[in-house]
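Structure below is structure07.cif: mmCIF, C-alpha atoms and all ligand atoms.
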```
data_final
loop_
_atom_site.label_atom_id
_atom_site.label_comp_id
_atom_site.auth_asym_id
_atom_site.auth_seq_id
_atom_site.Cartn_x
_atom_site.Cartn_y
_atom_site.Cartn_z
CA MET A 1 83.83 117.25 96.03
CA SER A 2 86.91 118.05 98.08
CA ARG A 3 89.60 120.14 96.42
CA LEU A 4 92.61 121.52 98.24
CA LYS A 5 95.73 122.94 96.72
CA HIS A 6 99.08 123.78 98.24
CA ARG A 7 100.68 126.54 96.26
CA ALA A 8 103.71 125.42 94.25
CA PRO A 9 106.40 127.79 92.97
CA ALA A 10 105.65 128.69 89.34
CA GLY A 11 107.07 126.21 86.87
CA SER A 12 107.80 123.44 89.34
CA SER A 13 106.08 120.13 88.85
CA ASP A 14 103.79 118.87 91.59
CA ALA A 15 105.25 116.25 93.90
CA LEU A 16 101.85 114.58 94.28
CA ARG A 17 98.50 115.08 92.59
CA LEU A 18 95.30 113.16 93.23
CA GLU A 19 92.43 113.67 90.79
CA SER A 20 89.02 112.54 92.04
CA VAL A 21 90.39 109.46 93.74
CA SER A 22 87.84 107.03 95.20
CA ARG A 23 88.38 103.62 96.74
CA VAL A 24 85.47 101.30 97.37
CA TYR A 25 86.03 98.06 99.26
CA GLY A 26 83.61 95.21 98.55
CA THR A 27 80.49 95.28 96.42
CA GLY A 28 76.73 95.54 96.78
CA ALA A 29 75.09 96.28 100.12
CA GLY A 30 78.34 95.63 102.02
CA ALA A 31 80.43 98.07 99.96
CA VAL A 32 82.49 100.62 101.91
CA ARG A 33 83.46 103.89 100.21
CA ALA A 34 86.74 104.39 102.09
CA LEU A 35 87.81 107.31 99.88
CA ASP A 36 85.22 109.51 98.24
CA ASP A 37 86.33 111.72 95.34
CA VAL A 38 89.50 113.17 96.87
CA SER A 39 91.51 115.69 94.85
CA LEU A 40 94.65 117.40 96.12
CA THR A 41 97.98 118.78 94.96
CA LEU A 42 101.19 118.90 97.01
CA ALA A 43 104.31 120.83 96.05
CA PRO A 44 107.87 119.52 96.46
CA GLY A 45 109.44 120.51 99.77
CA THR A 46 106.18 120.45 101.74
CA PHE A 47 105.37 118.54 104.92
CA THR A 48 101.70 117.60 105.13
CA ALA A 49 99.93 115.86 108.00
CA VAL A 50 96.68 113.94 107.46
CA MET A 51 94.29 113.67 110.38
CA GLY A 52 90.78 112.38 110.91
CA PRO A 53 88.75 109.96 113.02
CA SER A 54 89.48 106.23 112.95
CA GLY A 55 88.04 104.74 109.76
CA SER A 56 87.97 108.11 107.95
CA GLY A 57 90.20 106.78 105.14
CA LYS A 58 93.65 108.08 106.10
CA SER A 59 95.51 104.81 105.50
CA THR A 60 93.51 104.17 102.34
CA LEU A 61 94.50 107.63 101.07
CA LEU A 62 98.17 106.92 101.74
CA GLN A 63 98.05 103.43 100.23
CA CYS A 64 96.37 104.68 97.05
CA ALA A 65 98.69 107.69 96.74
CA ALA A 66 101.74 105.47 97.30
CA GLY A 67 100.72 102.80 94.80
CA LEU A 68 100.36 100.12 97.48
CA ASP A 69 96.65 99.93 96.63
CA ARG A 70 94.78 100.85 93.45
CA PRO A 71 91.99 103.44 93.48
CA THR A 72 88.58 102.25 92.24
CA SER A 73 88.45 105.45 90.19
CA GLY A 74 90.50 108.62 89.74
CA ARG A 75 94.15 109.22 88.93
CA VAL A 76 97.36 109.62 90.93
CA PHE A 77 100.43 111.52 89.68
CA VAL A 78 103.82 111.49 91.40
CA ASP A 79 106.44 114.00 90.30
CA GLY A 80 104.47 114.63 87.10
CA GLY A 81 104.21 110.96 86.09
CA GLU A 82 100.95 109.06 86.30
CA MET A 83 100.93 106.13 88.68
CA ALA A 84 101.42 103.27 86.29
CA ALA A 85 98.26 101.57 85.21
CA GLY A 86 98.65 98.03 83.91
CA SER A 87 100.89 95.33 85.26
CA GLU A 88 101.92 94.88 88.87
CA ALA A 89 105.57 94.93 87.76
CA ARG A 90 105.22 98.39 86.20
CA LEU A 91 103.50 99.73 89.29
CA THR A 92 106.22 98.27 91.51
CA ARG A 93 108.95 99.88 89.41
CA PHE A 94 107.16 103.25 89.47
CA ARG A 95 106.84 103.04 93.24
CA ARG A 96 110.47 102.08 93.78
CA GLU A 97 111.70 104.98 91.71
CA ARG A 98 109.56 107.75 93.16
CA ILE A 99 108.15 106.81 96.55
CA GLY A 100 109.35 106.00 100.05
CA PHE A 101 107.09 104.55 102.75
CA VAL A 102 107.43 104.48 106.55
CA PHE A 103 105.07 102.25 108.55
CA GLN A 104 103.89 102.46 112.15
CA HIS A 105 105.55 99.17 113.05
CA PHE A 106 108.80 99.74 111.13
CA ASN A 107 108.49 96.60 108.91
CA LEU A 108 112.21 95.91 108.91
CA LEU A 109 113.41 92.47 107.84
CA PRO A 110 114.52 90.77 111.08
CA MET A 111 117.22 88.56 109.49
CA LEU A 112 118.97 91.48 107.79
CA THR A 113 121.36 93.91 109.46
CA VAL A 114 120.69 97.63 109.65
CA LEU A 115 122.90 98.27 106.62
CA GLN A 116 121.34 95.39 104.64
CA ASN A 117 117.83 96.68 105.40
CA VAL A 118 118.80 100.08 104.05
CA THR A 119 120.51 98.76 100.91
CA LEU A 120 117.55 96.47 100.13
CA PRO A 121 115.47 99.00 98.13
CA LEU A 122 118.50 99.65 95.90
CA ARG A 123 119.03 95.91 95.46
CA LEU A 124 115.36 95.37 94.58
CA ALA A 125 115.49 98.23 92.08
CA GLY A 126 118.58 96.69 90.48
CA LYS A 127 120.58 99.82 91.27
CA ARG A 128 124.26 99.95 92.14
CA ILE A 129 124.75 99.61 95.89
CA ASP A 130 126.67 102.69 96.92
CA ARG A 131 127.70 101.61 100.42
CA ALA A 132 129.21 104.99 101.24
CA ARG A 133 125.88 106.65 100.50
CA CYS A 134 123.94 104.09 102.53
CA ARG A 135 126.34 104.72 105.43
CA ALA A 136 125.87 108.47 105.00
CA VAL A 137 122.08 108.11 105.18
CA LEU A 138 122.44 106.03 108.35
CA GLU A 139 124.80 108.68 109.79
CA ARG A 140 122.13 111.23 109.00
CA VAL A 141 119.59 109.38 111.16
CA GLY A 142 122.19 108.95 113.92
CA LEU A 143 122.87 105.23 113.43
CA GLY A 144 126.27 105.27 111.77
CA ASP A 145 127.62 103.07 114.58
CA ARG A 146 124.88 100.40 114.30
CA LEU A 147 125.39 99.17 110.71
CA ASP A 148 125.89 95.50 111.62
CA HIS A 149 123.21 95.22 114.28
CA LEU A 150 119.97 93.34 113.75
CA PRO A 151 116.65 95.18 114.21
CA SER A 152 115.98 93.13 117.39
CA GLN A 153 119.09 94.71 118.92
CA LEU A 154 117.67 98.22 118.51
CA SER A 155 115.05 100.26 120.38
CA GLY A 156 111.76 101.11 118.67
CA GLY A 157 112.92 104.65 117.97
CA GLN A 158 116.16 103.38 116.45
CA GLN A 159 114.28 100.86 114.31
CA GLN A 160 112.03 103.61 113.00
CA ARG A 161 115.11 105.67 112.12
CA VAL A 162 116.43 102.70 110.13
CA ALA A 163 113.06 102.55 108.36
CA ILE A 164 113.37 106.26 107.54
CA ALA A 165 116.89 105.72 106.18
CA ARG A 166 115.50 102.87 104.06
CA ALA A 167 112.74 105.15 102.74
CA LEU A 168 115.20 107.95 101.91
CA VAL A 169 118.02 105.94 100.34
CA THR A 170 116.45 105.89 96.87
CA GLU A 171 115.92 109.68 97.05
CA PRO A 172 112.17 109.47 96.42
CA ARG A 173 110.18 112.58 95.50
CA VAL A 174 107.50 111.72 98.04
CA VAL A 175 107.79 109.99 101.40
CA PHE A 176 104.58 108.62 102.94
CA ALA A 177 104.45 107.78 106.63
CA ASP A 178 101.45 106.12 108.29
CA GLU A 179 101.50 106.92 112.01
CA PRO A 180 105.32 106.77 112.10
CA THR A 181 105.40 107.92 115.72
CA GLY A 182 102.42 105.84 116.87
CA ALA A 183 104.57 103.20 118.57
CA LEU A 184 107.24 105.55 119.95
CA ASP A 185 107.86 107.46 123.16
CA THR A 186 107.84 111.26 123.09
CA ARG A 187 111.59 111.66 122.70
CA SER A 188 111.93 109.12 119.85
CA ALA A 189 108.84 110.60 118.20
CA ARG A 190 110.53 114.02 118.22
CA ASP A 191 113.65 112.54 116.58
CA VAL A 192 111.58 110.90 113.84
CA LEU A 193 109.57 114.09 113.20
CA GLY A 194 112.80 116.09 113.04
CA LEU A 195 114.18 113.69 110.42
CA LEU A 196 111.03 113.98 108.30
CA GLN A 197 111.26 117.78 108.59
CA GLU A 198 114.89 117.62 107.48
CA ALA A 199 113.94 115.54 104.42
CA VAL A 200 111.61 118.39 103.46
CA ARG A 201 113.82 121.36 104.34
CA SER A 202 117.24 120.11 103.25
CA TYR A 203 116.37 117.67 100.49
CA GLY A 204 113.17 119.15 99.04
CA GLN A 205 111.22 115.96 99.40
CA ALA A 206 107.47 116.03 99.95
CA VAL A 207 106.40 114.22 103.12
CA VAL A 208 102.84 113.10 103.80
CA MET A 209 102.24 111.78 107.31
CA VAL A 210 99.14 110.28 108.90
CA THR A 211 98.95 110.90 112.62
CA HIS A 212 96.47 110.94 115.48
CA ASP A 213 98.71 113.21 117.55
CA PRO A 214 98.17 116.98 117.29
CA VAL A 215 101.73 117.61 118.50
CA ALA A 216 103.16 115.42 115.73
CA ALA A 217 100.89 117.13 113.19
CA SER A 218 102.16 120.54 114.32
CA TYR A 219 105.59 119.66 112.84
CA ALA A 220 103.97 119.75 109.39
CA ASP A 221 103.54 122.85 107.21
CA SER A 222 99.87 122.06 106.77
CA VAL A 223 97.28 119.65 108.07
CA LEU A 224 94.55 118.02 105.98
CA PHE A 225 91.42 116.71 107.71
CA LEU A 226 89.57 113.66 106.44
CA ALA A 227 86.08 112.55 107.47
CA ASP A 228 84.05 109.74 105.93
CA GLY A 229 86.55 109.43 103.09
CA GLN A 230 86.36 113.08 102.10
CA LEU A 231 88.73 116.00 102.59
CA VAL A 232 86.83 118.37 104.84
CA GLY A 233 89.42 120.97 105.77
CA MET A 234 92.96 122.24 105.87
CA MET A 235 95.06 124.33 108.26
CA GLU A 236 98.34 126.06 107.39
CA ARG A 237 101.10 126.00 110.02
CA PRO A 238 98.70 125.38 112.91
CA GLY A 239 99.80 124.90 116.50
CA ALA A 240 99.04 121.68 118.37
CA GLU A 241 96.24 123.29 120.39
CA ALA A 242 94.47 124.61 117.31
CA ILE A 243 94.73 121.17 115.70
CA ALA A 244 93.34 119.43 118.78
CA GLU A 245 90.47 121.94 118.86
CA ARG A 246 89.70 121.29 115.18
CA MET A 247 89.75 117.52 115.73
CA THR A 248 87.20 117.89 118.53
CA HIS A 249 84.84 119.78 116.25
CA LEU A 250 85.50 117.39 113.37
CA GLY A 251 83.45 114.78 115.26
CA ASP A 252 80.49 117.21 115.44
CA GLU A 253 80.91 118.15 111.76
CA VAL A 254 80.86 114.48 110.76
CA ALA A 255 77.71 113.86 112.80
CA ARG A 256 76.03 116.89 111.16
CA ARG A 257 77.06 115.75 107.66
CA ARG A 258 75.62 112.31 108.33
CA VAL A 259 72.31 113.78 109.52
CA THR A 260 72.18 116.08 106.47
CA ALA A 261 72.97 113.16 104.18
CA GLY A 262 70.20 111.17 105.86
CA ALA A 263 72.60 108.41 106.92
N1 LIG B 1 90.83 95.85 102.93
C1 LIG B 1 89.67 96.38 103.31
N2 LIG B 1 88.50 95.76 103.08
C2 LIG B 1 87.32 96.31 103.46
N3 LIG B 1 87.21 97.50 104.07
C3 LIG B 1 88.35 98.18 104.33
C4 LIG B 1 89.63 97.66 103.98
N4 LIG B 1 90.59 98.56 104.36
C5 LIG B 1 89.92 99.56 104.93
N5 LIG B 1 88.58 99.36 104.91
C6 LIG B 1 87.51 100.26 105.42
O1 LIG B 1 87.72 101.54 104.84
C7 LIG B 1 87.49 102.58 105.80
C8 LIG B 1 88.74 103.44 105.91
O2 LIG B 1 89.78 102.65 106.50
P1 LIG B 1 91.24 103.25 106.79
O3 LIG B 1 92.08 102.11 107.25
O4 LIG B 1 91.68 104.00 105.61
O5 LIG B 1 90.94 104.25 107.99
P2 LIG B 1 91.96 105.13 108.86
O6 LIG B 1 91.49 106.54 108.78
O7 LIG B 1 93.35 104.84 108.48
O8 LIG B 1 91.65 104.60 110.34
P3 LIG B 1 92.65 104.40 111.61
O9 LIG B 1 92.83 105.76 112.19
O10 LIG B 1 91.84 103.51 112.52
O11 LIG B 1 93.91 103.77 111.13
C9 LIG B 1 87.07 101.87 107.08
O12 LIG B 1 85.67 101.85 107.14
C10 LIG B 1 87.63 100.48 106.92
O13 LIG B 1 86.87 99.53 107.62
MG MG B 2 94.99 103.92 109.46
#
```
Could you spell out this file's structure in structure tokens?
Amino acid sequence: MSRLKHRAPAGSSDALRLESVSRVYGTGAGAVRALDDVSLTLAPGTFTAVMGPSGSGKSTLLQCAAGLDRPTSGRVFVDGGEMAAGSEARLTRFRRERIGFVFQHFNLLPMLTVLQNVTLPLRLAGKRIDRARCRAVLERVGLGDRLDHLPSQLSGGQQQRVAIARALVTEPRVVFADEPTGALDTRSARDVLGLLQEAVRSYGQAVVMVTHDPVAASYADSVLFLADGQLVGMMERPGAEAIAERMTHLGDEVARRRVTAGA
């Protein structure tokens, strides 16, 4: 069983808690255990990177933790509330109130302007559209002068900053990002990482980011390592070189585990 805990200040509620979460895709001989009994606790105001080989379950972990997919077993808590069991509508409402998500390929709606993309989560949640606040969030990501542009009129880095503004506008307790810098050049990647850091430092949000890039991971306060669906390690405030080194050995560790497990 994998158990890792980030220390939270006494009395504060956890931003995210996973209790023995597993996700199995398919059934019978073809079943894939993408997540295998993962437990973890993240405090508010922490920036966590998730790394691991391709197919190790990183995206599955994020999807289950963000309520975009349902675990086969185990429980997920966000900001002290359990991820709603039951109807799809309840789960959707829970997600809209507590969670922001940033994707590798931005996932902006092409027919909507920058401002409309950012106000959309408020619209969907039936909340009052505070245009001044939406503008302020777009100022924060450096796009205050692009409100009426369409996504196709922006660079990749700018589109990802719109996506970050969209994720932050509802003031979620936890922001998940799956390879948010994967499609960006170095400079744009740095901007995006800086914005995620700011969400943590200035706004106390918890950010969980999947990345393959040790430099991107080094922006986080801690790095979790996944292999074969299990949490196999953690580093606190590591540098990029130490992370890269650990990733190299992770391959050996996985091979050893498989031999030991007789796979
Ligand atoms: N919808 C699905 N149906 C069946 N198997 C799936 C599904 N989604 C993921 N898997 C399997 O679950 C395992 C974990 O996949 P996941 O996408 O979480 O990996 P990942 O660590 O994000 O990989 P990558 O770095 O390539 O994005 C893989 O073996 C994958 O093939
Ligand atoms: Mg993935």
Might you pull out every residue within 12 Å of Leu154 of chain A, with all atoms listed in the file counted and same-chain residues fewer than 4 positions away left off, and present them as a PDB file with C-alpha atoms, in the coordinates of the input?
```
ATOM      1  CA  PHE A 106     108.800  99.740 111.130  1.00  0.00           C
ATOM      2  CA  LEU A 108     112.210  95.910 108.910  1.00  0.00           C
ATOM      3  CA  PRO A 110     114.520  90.770 111.080  1.00  0.00           C
ATOM      4  CA  THR A 113     121.360  93.910 109.460  1.00  0.00           C
ATOM      5  CA  VAL A 114     120.690  97.630 109.650  1.00  0.00           C
ATOM      6  CA  LEU A 143     122.870 105.230 113.430  1.00  0.00           C
ATOM      7  CA  ASP A 145     127.620 103.070 114.580  1.00  0.00           C
ATOM      8  CA  ARG A 146     124.880 100.400 114.300  1.00  0.00           C
ATOM      9  CA  LEU A 147     125.390  99.170 110.710  1.00  0.00           C
ATOM     10  CA  ASP A 148     125.890  95.500 111.620  1.00  0.00           C
ATOM     11  CA  HIS A 149     123.210  95.220 114.280  1.00  0.00           C
ATOM     12  CA  LEU A 150     119.970  93.340 113.750  1.00  0.00           C
ATOM     13  CA  GLN A 158     116.160 103.380 116.450  1.00  0.00           C
ATOM     14  CA  GLN A 159     114.280 100.860 114.310  1.00  0.00           C
ATOM     15  CA  GLN A 160     112.030 103.610 113.000  1.00  0.00           C
ATOM     16  CA  ARG A 161     115.110 105.670 112.120  1.00  0.00           C
ATOM     17  CA  VAL A 162     116.430 102.700 110.130  1.00  0.00           C
ATOM     18  CA  ALA A 163     113.060 102.550 108.360  1.00  0.00           C
TER      19      ALA A 163
END
```
Q. Gly156 of chain A: which residues within 12 Å, counting all atoms listed in the file, same-chain residues fewer than 6 positions away excluded, as a list of chain:residue names?
A. A:Gln104, A:His105, A:Phe106, A:Asn107, A:Leu108, A:Val162, A:Ala163, A:Pro180, A:Thr181, A:Gly182, A:Ala183, A:Leu184, A:Asp185, A:Thr186, A:Arg187, A:Ser188, A:Ala189, A:Asp191, A:Val192
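With the cut-off set to 9 Å and only C-alpha atoms and all ligand atoms counted, the residues surrounding ligand MG 2 (chain B) are Ser54, Gly55, Ser56, Gly57, Lys58, Ser59, Thr60, Leu62, Asp178, Glu179, Val210 and Thr211 of chain A.
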Q: Measuring atom to atom with all atoms listed in the file, identify which of A:Gly52, A:Pro172, A:Gly144, A:Pro44 is nearest to Phe94 of chain A.
A: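 Using all atoms listed in the file, Phe94 of chain A sits closest to A:Pro172.
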Q | Nearby residues (only C-alpha atoms) at most 9 Å from Thr48 of chain A, same-chain spacing under 4 positions excluded, as a list in words | A | Leu42, Ala206, Val207, Val208, Met209, Val210, Ala217, Tyr219, Ala220, Asp221, Ser222, Val223 and Leu224 of chain A
Could you complete segment 9-40 of chain A so that it carries N, CA and C atoms, and give it back as a tab-separated table (two decimals), in the frame of the given file?
```tsv
chain	number	residue	atom	x	y	z
A	9	PRO	N	105.72	126.74	93.70
A	9	PRO	CA	106.40	127.79	92.97
A	9	PRO	C	106.13	127.63	91.48
A	10	ALA	N	105.98	128.75	90.77
A	10	ALA	CA	105.65	128.69	89.34
A	10	ALA	C	106.66	127.82	88.60
A	11	GLY	N	106.18	126.99	87.72
A	11	GLY	CA	107.07	126.21	86.87
A	11	GLY	C	107.50	124.89	87.44
A	12	SER	N	107.37	124.72	88.77
A	12	SER	CA	107.80	123.44	89.34
A	12	SER	C	106.70	122.41	89.15
A	13	SER	N	107.11	121.15	89.02
A	13	SER	CA	106.08	120.13	88.85
A	13	SER	C	105.60	119.71	90.23
A	14	ASP	N	104.34	119.29	90.30
A	14	ASP	CA	103.79	118.87	91.59
A	14	ASP	C	104.49	117.61	92.06
A	15	ALA	N	104.69	117.49	93.37
A	15	ALA	CA	105.25	116.25	93.90
A	15	ALA	C	104.17	115.16	93.87
A	16	LEU	N	102.95	115.55	94.23
A	16	LEU	CA	101.85	114.58	94.28
A	16	LEU	C	100.56	115.24	93.83
A	17	ARG	N	99.82	114.56	92.99
A	17	ARG	CA	98.50	115.08	92.59
A	17	ARG	C	97.50	113.93	92.57
A	18	LEU	N	96.40	114.11	93.27
A	18	LEU	CA	95.30	113.16	93.23
A	18	LEU	C	94.14	113.82	92.51
A	19	GLU	N	93.59	113.14	91.52
A	19	GLU	CA	92.43	113.67	90.79
A	19	GLU	C	91.23	112.76	91.03
A	20	SER	N	90.28	113.26	91.79
A	20	SER	CA	89.02	112.54	92.04
A	20	SER	C	89.23	111.07	92.39
A	21	VAL	N	90.07	110.84	93.38
A	21	VAL	CA	90.39	109.46	93.74
A	21	VAL	C	89.33	108.89	94.70
A	22	SER	N	88.76	107.76	94.33
A	22	SER	CA	87.84	107.03	95.20
A	22	SER	C	88.34	105.61	95.36
A	23	ARG	N	88.04	105.03	96.53
A	23	ARG	CA	88.38	103.62	96.74
A	23	ARG	C	87.20	102.98	97.45
A	24	VAL	N	86.60	102.02	96.78
A	24	VAL	CA	85.47	101.30	97.37
A	24	VAL	C	85.92	99.88	97.66
A	25	TYR	N	85.73	99.44	98.89
A	25	TYR	CA	86.03	98.06	99.26
A	25	TYR	C	84.74	97.24	99.21
A	26	GLY	N	84.78	96.08	98.60
A	26	GLY	CA	83.61	95.21	98.55
A	26	GLY	C	82.60	95.68	97.52
A	27	THR	N	81.52	94.93	97.41
A	27	THR	CA	80.49	95.28	96.42
A	27	THR	C	79.11	95.15	97.06
A	28	GLY	N	78.12	95.68	96.37
A	28	GLY	CA	76.73	95.54	96.78
A	28	GLY	C	76.44	96.24	98.10
A	29	ALA	N	75.56	95.65	98.88
A	29	ALA	CA	75.09	96.28	100.12
A	29	ALA	C	76.23	96.45	101.13
A	30	GLY	N	77.23	95.57	101.06
A	30	GLY	CA	78.34	95.63	102.02
A	30	GLY	C	79.47	96.53	101.59
A	31	ALA	N	79.33	97.24	100.48
A	31	ALA	CA	80.43	98.07	99.96
A	31	ALA	C	80.75	99.22	100.91
A	32	VAL	N	82.05	99.50	101.08
A	32	VAL	CA	82.49	100.62	101.91
A	32	VAL	C	83.24	101.60	101.03
A	33	ARG	N	82.76	102.86	100.98
A	33	ARG	CA	83.46	103.89	100.21
A	33	ARG	C	84.51	104.53	101.12
A	34	ALA	N	85.71	103.95	101.16
A	34	ALA	CA	86.74	104.39	102.09
A	34	ALA	C	87.32	105.74	101.69
A	35	LEU	N	87.37	106.01	100.39
A	35	LEU	CA	87.81	107.31	99.88
A	35	LEU	C	86.77	107.77	98.89
A	36	ASP	N	86.37	109.04	99.02
A	36	ASP	CA	85.22	109.51	98.24
A	36	ASP	C	85.60	110.77	97.47
A	37	ASP	N	86.11	110.59	96.26
A	37	ASP	CA	86.33	111.72	95.34
A	37	ASP	C	87.31	112.74	95.92
A	38	VAL	N	88.49	112.29	96.27
A	38	VAL	CA	89.50	113.17	96.87
A	38	VAL	C	90.44	113.72	95.80
A	39	SER	N	90.56	115.05	95.74
A	39	SER	CA	91.51	115.69	94.85
A	39	SER	C	92.44	116.57	95.69
A	40	LEU	N	93.72	116.51	95.43
A	40	LEU	CA	94.65	117.40	96.12
A	40	LEU	C	95.96	117.48	95.35
```
